[in-house]
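What follows is a short report on a single structure.
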Amino acid sequence: MRFSKIFKALAMLVVLVAGTGCEHIDNKAVPSFIVRIDLSSYALWNTYGVAGMGDYRIFNREKNIPANFPFNVNTYTGYGGVLLMMGMEYPMAYDLTCPVEVSQNITLSINPENFEAVCPKCGSRYNPLTGAGGPVGGVAINNKVGMRQYHVYPNNGGYVISN
């Protein structure tokens, strides 16, 4: 009976230690601002959407990007703009603000060679294509922060991006 109590205590200790070893990436470092980009018609998706893996588009209402996009009062582009990128199977969307810098004025750019999102200030790199916006280099790895991800759902032949 005494052996069984010791065994249970050791088993609980192993579970506790194993549970603390997991690395959690904070993808909520960027403040939550409203996101709503309606690309739900077939025509809008064909014009402003993304098609092949790695294809991407940036939306920022304040900076009027893309310049000819029909922004309206119901269009919201998050804290620092929205990155829409075609993943391996479906489109994904993220806030463009660097999760380390957390400034609307410091936004990520896409490296066309490897599709990583790169911060021009701290040099952190993120994987929006297959890594759910997780860090792959720079200060972001030590800080354990990733890109804020948004929902992309199909609607009427296109997609809607929202949070």
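Please note that chains go A, B, ... in the order of the structure tokens, that every chain numbers its residues from 1, and that ligands are numbered from 1 in the order shown.
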Legend entry - Which of stretch 22-94 of chain A DSSP labels helix (DSSP H, G or I), written as an MDAnalysis selection string: chainID A and resid 42:48
Inset, instruction - Determine, counting only C-alpha atoms, which protein, DNA and RNA residues have an atom within 10 Å of an atom of A:Cys98; residues of the same chain fewer than 2 positions away are not included. Present the result as JSON, numbers by chain. - result: {"A": [29, 30, 80, 95, 96, 100, 101, 102, 103, 104, 105, 106, 107, 108, 109, 117, 118, 119, 120, 121, 122, 123, 124, 125, 126, 140, 145, 146, 147, 148]}
Legend entry - Residue nearest A:Gly131 among A:Tyr94, A:Asn111, A:Gly81, A:Lys63 (counting only C-alpha atoms): A:Tyr94
Contact table stretch 12-74 of chain A vs stretch 127-130 of chain A, cut-off 12 Å, shortest pair per residue, only C-alpha atoms, as a Markdown table:
```
| residue | atom | partner | partner_atom | distance |
| --- | --- | --- | --- | --- |
| A:Asn27 | CA | A:Pro128 | CA | 11.9 |
| A:Gly52 | CA | A:Leu129 | CA | 11.4 |
| A:Met53 | CA | A:Leu129 | CA | 8.0 |
| A:Gly54 | CA | A:Leu129 | CA | 6.5 |
| A:Asp55 | CA | A:Leu129 | CA | 9.5 |
| A:Tyr56 | CA | A:Leu129 | CA | 9.7 |
```
Legend entry - Residues flagged strand (DSSP E) by DSSP in chain A, as a ChimeraX atom specification: /A:35-39,56-59,76-77,82-86,91-95,109-110,117-118,125-127,134-137,149-155,158-162
Inset, instruction - Using only C-alpha atoms, determine which residues lie at most 12 Å from A:Tyr76, disregarding the query and same-chain residues fewer than 4 positions distant; provide the list as a list in words. - result: Ser32, Phe33, Ile34, Val35, Arg36, Ile37, Asp38, Phe59, Asn60, Arg61, Glu62, Asn64, Pro70, Phe71, Asn72, Gly80, Gly81, Val82, Asp95, Val160, Ile161, Ser162 and Asn163 of chain A
Residues of the last selection are to be written out with C-alpha atoms, as a compact mmCIF listing (two decimals), in the first residue's frame.
```txt
# COMPACT_ATOMS: atom_id res chain seq x y z
CA SER A 32 -7.25 43.22 -30.75
CA PHE A 33 -8.79 45.67 -33.21
CA ILE A 34 -11.82 45.00 -35.41
CA VAL A 35 -11.12 43.14 -38.64
CA ARG A 36 -13.64 42.78 -41.44
CA ILE A 37 -12.67 42.54 -45.08
CA ASP A 38 -15.47 41.34 -47.32
CA PHE A 59 -4.89 45.40 -46.73
CA ASN A 60 -4.60 48.64 -44.77
CA ARG A 61 -7.56 51.01 -44.81
CA GLU A 62 -5.65 53.95 -43.24
CA ASN A 64 -5.41 52.94 -48.70
CA PRO A 70 -13.47 49.52 -52.43
CA PHE A 71 -12.99 50.32 -48.72
CA ASN A 72 -16.25 51.31 -47.01
CA GLY A 80 -1.44 47.49 -38.36
CA GLY A 81 -3.10 46.15 -41.49
CA VAL A 82 -3.93 42.62 -42.62
CA ASP A 95 -2.17 41.32 -38.43
CA VAL A 160 -14.56 37.10 -45.53
CA ILE A 161 -11.70 37.97 -43.16
CA SER A 162 -12.71 38.77 -39.58
CA ASN A 163 -11.74 38.32 -35.94
```
Inset, instruction - Identify, on the basis of only C-alpha atoms, every residue whose closest approach to A:Ala51 does not exceed 9 Å; exclude the query and any residue fewer than 6 positions from it along the same chain; express the result as a list in words. - result: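 Within the cut-off, the hits are Met85, Met86 and Pro91 of chain A.
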Hey, could you make a per-residue contact list for stretch 82-117 of chain A against stretch 46-50 of chain A with 12 Å as the cut-off, showing the nearest pair of atoms and its distance in Å to one decimal, counting only C-alpha atoms, sorted by chain and number, as JSON lines?
```
{"residue": "A:Leu83", "atom": "CA", "partner": "A:Val50", "partner_atom": "CA", "distance": 10.7}
{"residue": "A:Leu84", "atom": "CA", "partner": "A:Val50", "partner_atom": "CA", "distance": 7.3}
{"residue": "A:Met85", "atom": "CA", "partner": "A:Val50", "partner_atom": "CA", "distance": 6.5}
{"residue": "A:Met86", "atom": "CA", "partner": "A:Val50", "partner_atom": "CA", "distance": 5.7}
{"residue": "A:Gly87", "atom": "CA", "partner": "A:Val50", "partner_atom": "CA", "distance": 9.5}
{"residue": "A:Met88", "atom": "CA", "partner": "A:Val50", "partner_atom": "CA", "distance": 11.8}
{"residue": "A:Glu89", "atom": "CA", "partner": "A:Val50", "partner_atom": "CA", "distance": 11.7}
{"residue": "A:Tyr90", "atom": "CA", "partner": "A:Val50", "partner_atom": "CA", "distance": 9.5}
{"residue": "A:Pro91", "atom": "CA", "partner": "A:Val50", "partner_atom": "CA", "distance": 7.2}
{"residue": "A:Met92", "atom": "CA", "partner": "A:Val50", "partner_atom": "CA", "distance": 9.7}
{"residue": "A:Ala93", "atom": "CA", "partner": "A:Val50", "partner_atom": "CA", "distance": 10.9}
```
How about saving the chosen residues, N, CA and C atoms kept, as an mmCIF file, in the first residue's frame?
```
data_model
loop_
_atom_site.group_PDB
_atom_site.id
_atom_site.type_symbol
_atom_site.label_atom_id
_atom_site.label_comp_id
_atom_site.auth_asym_id
_atom_site.auth_seq_id
_atom_site.Cartn_x
_atom_site.Cartn_y
_atom_site.Cartn_z
ATOM 1 N N LEU A 83 -2.474 40.901 -43.445
ATOM 2 C CA LEU A 83 -1.791 40.092 -44.445
ATOM 3 C C LEU A 83 -2.703 38.918 -44.773
ATOM 4 N N LEU A 84 -3.088 38.806 -46.026
ATOM 5 C CA LEU A 84 -3.842 37.651 -46.517
ATOM 6 C C LEU A 84 -2.865 36.824 -47.333
ATOM 7 N N MET A 85 -2.702 35.547 -46.973
ATOM 8 C CA MET A 85 -1.742 34.688 -47.674
ATOM 9 C C MET A 85 -2.368 33.329 -47.937
ATOM 10 N N MET A 86 -2.126 32.813 -49.136
ATOM 11 C CA MET A 86 -2.620 31.476 -49.461
ATOM 12 C C MET A 86 -1.658 30.446 -48.902
ATOM 13 N N GLY A 87 -2.190 29.608 -48.023
ATOM 14 C CA GLY A 87 -1.401 28.532 -47.438
ATOM 15 C C GLY A 87 -1.398 27.320 -48.350
ATOM 16 N N MET A 88 -1.059 26.186 -47.799
ATOM 17 C CA MET A 88 -0.988 24.958 -48.586
ATOM 18 C C MET A 88 -2.370 24.517 -49.061
ATOM 19 N N GLU A 89 -3.403 24.777 -48.243
ATOM 20 C CA GLU A 89 -4.742 24.314 -48.599
ATOM 21 C C GLU A 89 -5.779 25.427 -48.646
ATOM 22 N N TYR A 90 -5.597 26.472 -47.872
ATOM 23 C CA TYR A 90 -6.617 27.507 -47.768
ATOM 24 C C TYR A 90 -5.973 28.842 -47.401
ATOM 25 N N PRO A 91 -6.700 29.944 -47.611
ATOM 26 C CA PRO A 91 -6.139 31.257 -47.272
ATOM 27 C C PRO A 91 -6.086 31.484 -45.757
ATOM 28 N N MET A 92 -5.066 32.238 -45.330
ATOM 29 C CA MET A 92 -4.883 32.576 -43.921
ATOM 30 C C MET A 92 -4.674 34.088 -43.818
ATOM 31 N N ALA A 93 -5.005 34.653 -42.658
ATOM 32 C CA ALA A 93 -4.852 36.093 -42.486
ATOM 33 C C ALA A 93 -4.250 36.400 -41.113
#
```
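Between A:Ser41 and the residues A:Lys28, A:Asn155, A:Gly137, A:Pro99, the shortest atom-to-atom distance, using only C-alpha atoms, involves A:Asn155.
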Inset, instruction - Return the single residue from A:Ile141, A:Tyr159, A:Val136, A:Thr97 that is closest to A:Phe115, with distances computed using only C-alpha atoms. - result: A:Val136
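The spacing separating atom CA of A:Ile25 from atom CA of A:Val139 amounts to 12.9 Å.
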